[in-house]
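target.pdb (PDB, C-alpha atoms and all ligand atoms) appears below.
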```
ATOM      1  CA  MET I   1      66.650  89.183 103.231
ATOM      2  CA  PRO I   2      68.804  92.325 102.763
ATOM      3  CA  ASP I   3      71.633  92.167 100.254
ATOM      4  CA  ARG I   4      74.795  90.551 101.597
ATOM      5  CA  ILE I   5      78.200  92.095 101.120
ATOM      6  CA  ALA I   6      81.562  90.871 102.399
ATOM      7  CA  ILE I   7      84.616  93.026 102.803
ATOM      8  CA  VAL I   8      87.966  91.266 102.694
ATOM      9  CA  GLY I   9      90.303  94.040 103.759
ATOM     10  CA  SER I  10      91.840  96.423 106.212
ATOM     11  CA  ASN I  11      90.963  98.303 109.342
ATOM     12  CA  MET I  12      92.987 101.135 110.886
ATOM     13  CA  VAL I  13      92.736 103.591 113.717
ATOM     14  CA  ASP I  14      92.897 107.064 112.169
ATOM     15  CA  LEU I  15      94.975 109.691 113.986
ATOM     16  CA  VAL I  16      93.608 112.812 112.331
ATOM     17  CA  THR I  17      95.436 116.123 112.790
ATOM     18  CA  TYR I  18      93.770 119.238 111.387
ATOM     19  CA  VAL I  19      96.545 121.615 110.268
ATOM     20  CA  ASP I  20      96.673 125.246 109.112
ATOM     21  CA  ARG I  21      99.453 124.122 106.785
ATOM     22  CA  MET I  22     101.783 121.138 106.487
ATOM     23  CA  PRO I  23     105.061 121.511 108.443
ATOM     24  CA  GLU I  24     108.325 121.988 106.556
ATOM     25  CA  ARG I  25     111.019 119.325 106.957
ATOM     26  CA  GLY I  26     112.692 119.886 110.387
ATOM     27  CA  GLU I  27     109.964 122.289 111.551
ATOM     28  CA  THR I  28     107.781 121.940 114.662
ATOM     29  CA  LEU I  29     104.373 123.455 114.094
ATOM     30  CA  GLU I  30     101.313 123.745 116.314
ATOM     31  CA  ALA I  31      98.102 122.313 114.856
ATOM     32  CA  PRO I  32      94.666 123.502 115.948
ATOM     33  CA  ASP I  33      92.842 120.184 116.330
ATOM     34  CA  PHE I  34      93.089 116.399 116.551
ATOM     35  CA  ALA I  35      90.657 113.486 116.473
ATOM     36  CA  LEU I  36      90.979 109.726 116.879
ATOM     37  CA  GLY I  37      88.624 107.748 114.676
ATOM     38  CA  PHE I  38      87.965 104.344 113.171
ATOM     39  CA  GLY I  39      89.173 103.991 109.592
ATOM     40  CA  GLY I  40      90.993 101.732 107.166
ATOM     41  CA  LYS I  41      89.712 101.452 103.618
ATOM     42  CA  GLY I  42      88.099  98.045 104.179
ATOM     43  CA  ALA I  43      86.380  98.957 107.436
ATOM     44  CA  ASN I  44      85.225 102.283 105.991
ATOM     45  CA  GLN I  45      83.587 100.537 103.037
ATOM     46  CA  ALA I  46      81.999  98.010 105.404
ATOM     47  CA  VAL I  47      80.536 100.725 107.622
ATOM     48  CA  ALA I  48      79.202 102.746 104.659
ATOM     49  CA  ALA I  49      77.397  99.691 103.235
ATOM     50  CA  ALA I  50      76.080  98.638 106.658
ATOM     51  CA  ARG I  51      74.778 102.107 107.557
ATOM     52  CA  LEU I  52      72.836 102.064 104.284
ATOM     53  CA  GLY I  53      71.150  98.800 105.297
ATOM     54  CA  ALA I  54      73.223  96.011 103.742
ATOM     55  CA  HIS I  55      74.011  92.848 105.676
ATOM     56  CA  VAL I  56      77.803  93.133 105.878
ATOM     57  CA  SER I  57      80.489  90.664 106.997
ATOM     58  CA  MET I  58      84.095  91.682 107.436
ATOM     59  CA  VAL I  59      87.121  89.427 107.009
ATOM     60  CA  THR I  60      89.993  91.316 108.618
ATOM     61  CA  CYS I  61      92.825  91.121 111.182
ATOM     62  CA  VAL I  62      93.211  93.312 114.254
ATOM     63  CA  GLY I  63      96.206  93.599 116.590
ATOM     64  CA  ASP I  64      96.348  92.382 120.190
ATOM     65  CA  ASP I  65      96.781  95.943 121.490
ATOM     66  CA  LEU I  66      94.139  98.246 122.950
ATOM     67  CA  PHE I  67      92.871  99.215 119.469
ATOM     68  CA  GLY I  68      92.001  95.606 118.465
ATOM     69  CA  PRO I  69      88.933  95.050 120.708
ATOM     70  CA  ARG I  70      87.736  98.633 120.123
ATOM     71  CA  THR I  71      87.884  98.135 116.346
ATOM     72  CA  ARG I  72      85.935  94.876 116.582
ATOM     73  CA  GLN I  73      83.333  96.587 118.810
ATOM     74  CA  ASN I  74      83.028  99.547 116.435
ATOM     75  CA  LEU I  75      82.286  97.215 113.514
ATOM     76  CA  ALA I  76      79.716  95.321 115.609
ATOM     77  CA  ASP I  77      78.125  98.610 116.756
ATOM     78  CA  ASN I  78      77.657  99.478 113.085
ATOM     79  CA  GLY I  79      75.864  96.181 112.475
ATOM     80  CA  VAL I  80      78.805  94.464 110.738
ATOM     81  CA  ASP I  81      79.176  90.709 111.328
ATOM     82  CA  VAL I  82      82.548  90.257 113.091
ATOM     83  CA  SER I  83      82.719  86.442 113.150
ATOM     84  CA  HIS I  84      85.667  86.592 110.742
ATOM     85  CA  VAL I  85      87.678  89.291 112.517
ATOM     86  CA  ARG I  86      90.920  87.614 113.684
ATOM     87  CA  SER I  87      93.218  88.934 116.391
ATOM     88  CA  VAL I  88      96.931  88.475 115.617
ATOM     89  CA  ALA I  89      99.085  87.781 118.702
ATOM     90  CA  GLY I  90     102.145  89.971 119.262
ATOM     91  CA  THR I  91     101.170  92.419 116.503
ATOM     92  CA  PRO I  92      99.890  96.004 116.673
ATOM     93  CA  SER I  93      96.690  97.115 114.962
ATOM     94  CA  GLY I  94      96.921  99.143 111.766
ATOM     95  CA  VAL I  95      97.100 102.897 112.269
ATOM     96  CA  ALA I  96      96.893 105.861 109.897
ATOM     97  CA  PRO I  97      98.318 109.289 110.788
ATOM     98  CA  ILE I  98      96.260 111.723 108.662
ATOM     99  CA  PHE I  99      96.765 115.444 108.072
ATOM    100  CA  VAL I 100      93.815 117.531 106.889
ATOM    101  CA  GLU I 101      94.383 121.042 105.497
ATOM    102  CA  PRO I 102      91.863 123.925 105.702
ATOM    103  CA  ASP I 103      90.585 123.230 102.160
ATOM    104  CA  GLY I 104      89.613 119.693 103.261
ATOM    105  CA  GLU I 105      92.421 117.937 101.325
ATOM    106  CA  ASN I 106      94.407 115.295 103.181
ATOM    107  CA  ALA I 107      97.718 113.419 103.314
ATOM    108  CA  ILE I 108      97.760 109.923 104.808
ATOM    109  CA  LEU I 109     100.430 107.540 106.087
ATOM    110  CA  ILE I 110      99.445 103.947 106.792
ATOM    111  CA  VAL I 111     101.136 101.471 109.099
ATOM    112  CA  LYS I 112      99.553  98.120 108.177
ATOM    113  CA  GLY I 113     100.220  96.263 111.452
ATOM    114  CA  ALA I 114      97.890  93.247 111.729
ATOM    115  CA  ASN I 115      96.441  93.941 108.253
ATOM    116  CA  ALA I 116      99.659  92.526 106.792
ATOM    117  CA  HIS I 117      98.651  89.132 108.276
ATOM    118  CA  LEU I 118      95.323  88.744 106.437
ATOM    119  CA  SER I 119      95.962  85.606 104.383
ATOM    120  CA  PRO I 120      94.282  83.323 101.835
ATOM    121  CA  ASP I 121      93.594  80.980 104.791
ATOM    122  CA  ASP I 122      91.354  83.679 106.295
ATOM    123  CA  ILE I 123      89.302  83.620 103.097
ATOM    124  CA  ASP I 124      89.044  79.839 103.171
ATOM    125  CA  ALA I 125      87.984  79.978 106.828
ATOM    126  CA  ALA I 126      85.170  82.381 105.858
ATOM    127  CA  GLN I 127      84.126  80.519 102.720
ATOM    128  CA  ASP I 128      80.621  79.564 103.864
ATOM    129  CA  THR I 129      79.835  83.238 104.537
ATOM    130  CA  LEU I 130      81.501  84.464 101.345
ATOM    131  CA  LYS I 131      79.648  81.984  99.115
ATOM    132  CA  ARG I 132      76.307  83.420 100.299
ATOM    133  CA  CYS I 133      77.262  87.016  99.417
ATOM    134  CA  ASP I 134      76.144  89.152  96.471
ATOM    135  CA  ALA I 135      79.516  90.911  96.360
ATOM    136  CA  ILE I 136      83.013  90.769  97.838
ATOM    137  CA  LEU I 137      84.833  94.116  98.220
ATOM    138  CA  LEU I 138      88.623  94.340  98.179
ATOM    139  CA  GLN I 139      91.292  97.046  98.558
ATOM    140  CA  LEU I 140      95.106  96.986  98.689
ATOM    141  CA  GLU I 141      95.944  97.544 102.372
ATOM    142  CA  VAL I 142      96.312  93.760 102.802
ATOM    143  CA  PRO I 143      98.702  91.298 101.060
ATOM    144  CA  LEU I 144      98.268  91.003  97.284
ATOM    145  CA  GLU I 145      98.118  87.174  97.488
ATOM    146  CA  THR I 146      94.989  87.527  99.628
ATOM    147  CA  VAL I 147      93.414  89.835  97.050
ATOM    148  CA  TYR I 148      94.190  87.424  94.167
ATOM    149  CA  HIS I 149      92.787  84.522  96.202
ATOM    150  CA  ALA I 150      89.554  86.420  96.878
ATOM    151  CA  VAL I 151      89.105  87.356  93.195
ATOM    152  CA  ALA I 152      89.615  83.714  92.168
ATOM    153  CA  PHE I 153      87.219  82.588  94.933
ATOM    154  CA  GLY I 154      84.541  84.979  93.695
ATOM    155  CA  ALA I 155      84.956  83.873  90.073
ATOM    156  CA  ARG I 156      84.768  80.188  91.095
ATOM    157  CA  HIS I 157      81.644  80.597  93.213
ATOM    158  CA  GLY I 158      79.738  83.146  91.116
ATOM    159  CA  VAL I 159      80.096  85.971  93.668
ATOM    160  CA  GLN I 160      80.869  89.298  92.015
ATOM    161  CA  THR I 161      84.089  90.978  93.119
ATOM    162  CA  ILE I 162      84.823  94.701  93.406
ATOM    163  CA  LEU I 163      88.452  95.834  93.753
ATOM    164  CA  ASN I 164      89.412  99.354  94.769
ATOM    165  CA  PRO I 165      93.185  99.351  94.016
ATOM    166  CA  ALA I 166      94.037 101.804  96.794
ATOM    167  CA  PRO I 167      96.560 102.670  97.888
ATOM    168  CA  ALA I 168      98.126 102.194  94.431
ATOM    169  CA  HIS I 169     100.516  99.248  94.410
ATOM    170  CA  PRO I 170     102.983  99.057  91.515
ATOM    171  CA  GLU I 171     103.342  95.284  91.968
ATOM    172  CA  LEU I 172      99.646  94.519  91.482
ATOM    173  CA  ASP I 173      99.635  91.779  88.827
ATOM    174  CA  LEU I 174      96.648  92.438  86.564
ATOM    175  CA  SER I 175      96.958  88.994  85.006
ATOM    176  CA  ARG I 176      95.913  87.551  88.398
ATOM    177  CA  LEU I 177      92.667  89.530  88.424
ATOM    178  CA  GLU I 178      91.084  87.472  85.637
ATOM    179  CA  GLY I 179      87.303  87.431  86.181
ATOM    180  CA  LEU I 180      87.241  90.533  88.394
ATOM    181  CA  ASP I 181      83.831  92.180  87.917
ATOM    182  CA  TRP I 182      84.481  95.780  88.983
ATOM    183  CA  PHE I 183      87.852  97.548  89.104
ATOM    184  CA  CYS I 184      87.588 101.004  90.720
ATOM    185  CA  PRO I 185      90.772 103.126  90.542
ATOM    186  CA  ASN I 186      91.104 106.883  90.659
ATOM    187  CA  GLU I 187      92.975 108.658  87.860
ATOM    188  CA  SER I 188      96.455 108.317  89.338
ATOM    189  CA  GLU I 189      95.955 104.661  90.287
ATOM    190  CA  LEU I 190      94.728 103.977  86.756
ATOM    191  CA  ALA I 191      97.815 105.674  85.294
ATOM    192  CA  MET I 192     100.191 103.645  87.459
ATOM    193  CA  LEU I 193      98.475 100.314  86.893
ATOM    194  CA  SER I 194      97.842 100.659  83.162
ATOM    195  CA  GLY I 195     101.212 102.323  82.459
ATOM    196  CA  MET I 196      99.291 104.844  80.332
ATOM    197  CA  PRO I 197      98.591 108.579  80.739
ATOM    198  CA  THR I 198      95.236 109.709  82.173
ATOM    199  CA  ASP I 199      95.531 113.452  81.535
ATOM    200  CA  SER I 200      92.415 113.800  79.367
ATOM    201  CA  ASP I 201      89.046 112.089  79.052
ATOM    202  CA  ALA I 202      90.218 110.264  75.936
ATOM    203  CA  ALA I 203      93.363 109.082  77.741
ATOM    204  CA  VAL I 204      91.316 107.838  80.728
ATOM    205  CA  LEU I 205      89.116 105.896  78.327
ATOM    206  CA  ALA I 206      92.080 104.321  76.522
ATOM    207  CA  ALA I 207      93.788 103.377  79.809
ATOM    208  CA  ALA I 208      90.585 101.826  81.182
ATOM    209  CA  ARG I 209      89.952  99.940  77.911
ATOM    210  CA  SER I 210      93.433  98.447  78.137
ATOM    211  CA  LEU I 211      92.244  96.791  81.365
ATOM    212  CA  THR I 212      88.864  95.594  80.112
ATOM    213  CA  GLY I 213      90.829  93.871  77.367
ATOM    214  CA  ARG I 214      92.742  91.887  80.009
ATOM    215  CA  GLY I 215      89.972  89.929  81.721
ATOM    216  CA  ILE I 216      88.593  92.700  83.963
ATOM    217  CA  ARG I 217      84.895  93.150  83.175
ATOM    218  CA  ASN I 218      84.115  96.752  84.166
ATOM    219  CA  VAL I 219      86.293  99.718  85.123
ATOM    220  CA  ILE I 220      84.961 102.610  87.220
ATOM    221  CA  VAL I 221      87.338 105.571  87.263
ATOM    222  CA  THR I 222      86.777 108.280  89.867
ATOM    223  CA  LEU I 223      87.865 111.722  88.656
ATOM    224  CA  GLY I 224      87.385 113.952  91.715
ATOM    225  CA  GLY I 225      85.662 117.178  90.683
ATOM    226  CA  ARG I 226      84.939 115.714  87.204
ATOM    227  CA  GLY I 227      82.740 112.895  88.492
ATOM    228  CA  ALA I 228      83.326 109.303  87.437
ATOM    229  CA  ARG I 229      83.243 107.101  84.321
ATOM    230  CA  LEU I 230      82.031 103.532  83.968
ATOM    231  CA  ILE I 231      83.863 101.807  81.127
ATOM    232  CA  THR I 232      82.744  98.395  79.932
ATOM    233  CA  GLN I 233      83.815  96.397  76.857
ATOM    234  CA  ASP I 234      81.352  98.307  74.693
ATOM    235  CA  ASP I 235      80.045 101.285  76.626
ATOM    236  CA  VAL I 236      81.075 104.424  78.516
ATOM    237  CA  ILE I 237      78.771 106.021  81.081
ATOM    238  CA  GLN I 238      79.510 109.436  82.573
ATOM    239  CA  ILE I 239      78.601 110.052  86.205
ATOM    240  CA  ALA I 240      78.229 113.765  86.978
ATOM    241  CA  PRO I 241      80.120 115.304  89.916
ATOM    242  CA  VAL I 242      78.159 116.415  92.984
ATOM    243  CA  ALA I 243      79.327 119.838  94.176
ATOM    244  CA  VAL I 244      79.471 120.477  97.941
ATOM    245  CA  GLU I 245      81.546 122.703 100.250
ATOM    246  CA  PRO I 246      84.374 120.371 101.399
ATOM    247  CA  VAL I 247      85.217 120.093 105.099
ATOM    248  CA  ASP I 248      87.289 116.882 105.110
ATOM    249  CA  THR I 249      87.733 114.678 102.031
ATOM    250  CA  THR I 250      89.247 111.749 103.966
ATOM    251  CA  GLY I 251      87.432 108.487 103.257
ATOM    252  CA  ALA I 252      85.267 109.888 100.426
ATOM    253  CA  GLY I 253      86.561 107.205  98.040
ATOM    254  CA  ASP I 254      85.600 104.505 100.536
ATOM    255  CA  ALA I 255      82.148 106.044 100.993
ATOM    256  CA  PHE I 256      81.765 105.876  97.199
ATOM    257  CA  ILE I 257      82.806 102.209  96.880
ATOM    258  CA  GLY I 258      80.947 100.943  99.954
ATOM    259  CA  SER I 259      77.716 102.661  98.970
ATOM    260  CA  PHE I 260      78.077 101.604  95.311
ATOM    261  CA  ALA I 261      78.288  97.961  96.429
ATOM    262  CA  ARG I 262      75.224  98.400  98.620
ATOM    263  CA  PHE I 263      73.116 100.096  95.919
ATOM    264  CA  LEU I 264      74.202  97.625  93.218
ATOM    265  CA  SER I 265      73.525  94.526  95.263
ATOM    266  CA  GLY I 266      70.245  96.122  96.363
ATOM    267  CA  GLY I 267      69.065  95.973  92.721
ATOM    268  CA  ALA I 268      70.013  99.373  91.244
ATOM    269  CA  THR I 269      71.435  99.476  87.723
ATOM    270  CA  PRO I 270      75.187 100.207  87.650
ATOM    271  CA  GLU I 271      74.491 103.764  86.445
ATOM    272  CA  GLU I 272      71.940 104.418  89.210
ATOM    273  CA  ALA I 273      74.200 102.829  91.813
ATOM    274  CA  LEU I 274      77.109 105.057  90.734
ATOM    275  CA  SER I 275      75.039 108.248  90.679
ATOM    276  CA  ARG I 276      73.775 107.532  94.183
ATOM    277  CA  ALA I 277      77.274 106.603  95.357
ATOM    278  CA  ALA I 278      78.568 109.961  94.036
ATOM    279  CA  ARG I 279      75.973 111.702  96.200
ATOM    280  CA  TYR I 280      76.807 109.560  99.221
ATOM    281  CA  ALA I 281      80.541 110.360  98.854
ATOM    282  CA  ALA I 282      79.765 114.072  98.408
ATOM    283  CA  HIS I 283      77.726 114.060 101.604
ATOM    284  CA  SER I 284      80.671 112.439 103.450
ATOM    285  CA  ILE I 285      83.044 115.301 102.665
ATOM    286  CA  THR I 286      80.734 117.801 104.348
ATOM    287  CA  GLY I 287      81.675 116.295 107.738
ATOM    288  CA  ARG I 288      84.912 115.632 109.598
ATOM    289  CA  GLY I 289      86.691 112.280 109.784
ATOM    290  CA  THR I 290      86.148 109.064 107.835
ATOM    291  CA  GLN I 291      83.458 106.788 109.259
ATOM    292  CA  SER I 292      82.294 109.646 111.481
ATOM    293  CA  SER I 293      81.146 111.468 108.330
ATOM    294  CA  TYR I 294      79.137 108.588 106.805
ATOM    295  CA  ALA I 295      75.356 108.980 106.687
ATOM    296  CA  ASP I 296      72.854 106.279 107.535
ATOM    297  CA  ALA I 297      69.973 105.616 105.130
ATOM    298  CA  ALA I 298      67.672 108.237 106.713
ATOM    299  CA  ALA I 299      70.292 111.013 106.745
ATOM    300  CA  PHE I 300      71.282 110.157 103.171
ATOM    301  CA  ASP I 301      67.651 110.294 101.987
ATOM    302  CA  ALA I 302      67.277 113.718 103.659
ATOM    303  CA  PHE I 303      70.456 114.973 101.919
ATOM    304  CA  CYS I 304      69.131 113.757  98.545
ATOM    305  CA  ARG I 305      65.727 115.372  99.122
ATOM    306  CA  ASP I 306      67.436 118.708  99.929
ATOM    307  CA  ARG I 307      69.611 118.487  96.799
ATOM    308  CA  ASP I 308      66.596 117.670  94.639
ATOM    309  CA  ALA I 309      64.600 120.564  96.147
ATOM    310  CA  MET I 310      67.501 122.984  95.509
ATOM    311  CA  ALA I 311      67.795 121.777  91.908
ATOM    312  CA  ALA I 312      64.028 122.171  91.390
ATOM    313  CA  GLU I 313      64.184 125.785  92.726
ATOM    314  CA  ARG I 314      66.964 126.629  90.285
ATOM    315  CA  ARG I 315      64.885 125.435  87.316
TER     316      ARG I 315
HETATM  317  O1  LIG X 401      90.659 106.099 102.561
HETATM  318  C1  LIG X 401      90.815 106.675 103.823
HETATM  319  C2  LIG X 401      91.488 105.702 104.737
HETATM  320  O2  LIG X 401      92.801 105.453 104.258
HETATM  321  C3  LIG X 401      91.658 106.171 106.151
HETATM  322  O3  LIG X 401      90.585 105.822 106.980
HETATM  323  C4  LIG X 401      92.971 105.550 106.573
HETATM  324  O4  LIG X 401      92.817 104.632 107.606
HETATM  325  C5  LIG X 401      93.542 104.894 105.320
HETATM  326  O5  LIG X 401      93.317 103.548 105.292
END
```
Would you put the structure from the file into structure tokens?
Amino acid sequence: MPDRIAIVGSNMVDLVTYVDRMPERGETLEAPDFALGFGGKGANQAVAAARLGAHVSMVTCVGDDLFGPRTRQNLADNGVDVSHVRSVAGTPSGVAPIFVEPDGENAILIVKGANAHLSPDDIDAAQDTLKRCDAILLQLEVPLETVYHAVAFGARHGVQTILNPAPAHPELDLSRLEGLDWFCPNESELAMLSGMPTDSDAAVLAAARSLTGRGIRNVIVTLGGRGARLITQDDVIQIAPVAVEPVDTTGAGDAFIGSFARFLSGGATPEEALSRAARYAAHSITGRGTQSSYADAAAFDAFCRDRDAMAAERR
């Protein structure tokens, strides 16, 4: 049986505008291109893990507008189990206006819509599925109470939990994450949540250690062009960056987390899983959009073979 992963989290419809530059306040500016796509940090992580071969279930809420059924269908088309996708009457689906600049960097607004209705009751309703999983993935585009409930559920039932605290939420109560297995912030999220600077490698380490001392087992900090660090109670592992020519960086963090969960629950060591996830995320930024840029297992293997061949030629 393939590894089983559950995502308790968000879905959005991404409204992606490709701009030459961001408009000034009060300015109307023509943009060269636009695309509508499926996104949301939770759904992105679900699709990444599923495309790589995991058996994925998603616990999420969609609106009762035209995006709701399309979102459910998109998840199903990607092989994600949608038995725990709930439609919320009288509520719009989540949407994310996204602006991508020529260097591939993005700015994102999110309107949570139905995602704000995902509740602890949804977790209880899905408990039979969740208990059978190797990992539960969480992000912060749904209510914090739901996140705390899922972490406690995982700890009680021996299912490892992975929390990507994005977007950063200043009210996240770390004392309610007791027993969390993997906490995966980027540098700025780590700074906000630890209340400590993260402007050097030593500072990142100290900030992450302040969390491992508070009941969180492992911290994975993503550092953009500097790779990532895995910080445990007694170890630090450096994950090298993977250089590519960026086209669109949107959703790269989700590609990293979703693929990490898949590789880890598929039996890789944490270090191997992170190194492969760094490659998977790098591949995603060579294409446009969020889920539209995620490779399946065959395309990812081909990308890795090419990278290895290039590295061998350079030696
Ligand atoms: O991480 C990228 C995602 O953030 C986008 O897909 C958008 O929907 C927002 O949730």
Within 9 Å of region 300-315 of chain I, counting all atoms listed in the file, which residues show up once you throw out same-chain ones fewer than 4 positions away? Write them as a PyMOL selection string, please.
chain I and resi 52+276+279-280+283+294-296
Hey, which residues sit close to ligand LIG 401 (chain X)? Say within 10 Å, counting all atoms listed in the file, and write them as a PyMOL selection string.
chain I and resi 10-16+37-45+94-98+106-112+139-141+166-167+249-255+289-291
Selection dump of the PyMOL selection byres (((chain I and resi 204-209) around 8) and not hetatm), as an NGL selection string:
:I and (187 or 190-191 or 194-203 or 210-213 or 219 or 221 or 231-233)
Taking every listed atom of region 273-285 of chain I and adding 3 Å to each side, what centre and edge lengths in Å (one decimal) does the axis-aligned box have, as JSON?
```
{"center_x": 78.4, "center_y": 109.1, "center_z": 97.1, "size_x": 15.3, "size_y": 18.5, "size_z": 18.8}
```
Show me the residues around (70.9, 92.3, 101.9) - criterion: an atom at most 10 Å away, only C-alpha atoms counted - as a ChimeraX atom specification.
/I:1-5,49-50,53-56,133-134,262,265-266
Closest of I:Leu130, I:Leu174, I:Leu137, I:Val80 to Phe153 (chain I), counting all atoms listed in the file, is I:Leu130
Rows by chain and residue number, region 105-179 of chain I within 6 Å of region 61-78 of chain I, shortest pair, all atoms listed in the file, as JSON lines:
```
{"residue": "I:Ala114", "atom": "CA", "partner": "I:Gly63", "partner_atom": "CA", "distance": 5.2}
{"residue": "I:Asn115", "atom": "CA", "partner": "I:Cys61", "partner_atom": "CA", "distance": 5.4}
{"residue": "I:Leu118", "atom": "CA", "partner": "I:Cys61", "partner_atom": "CA", "distance": 5.9}
```
Write out, as a PDB file, in the frame of the given file, the residues just selected, with C-alpha atoms.
```
ATOM      1  CA  ALA I 114      97.890  93.247 111.729  1.00  0.00           C
ATOM      2  CA  ASN I 115      96.441  93.941 108.253  1.00  0.00           C
ATOM      3  CA  LEU I 118      95.323  88.744 106.437  1.00  0.00           C
TER       4      LEU I 118
END
```
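CA of Phe34 (chain I) sits 16.1 Å away from CA of Asp103 (chain I).
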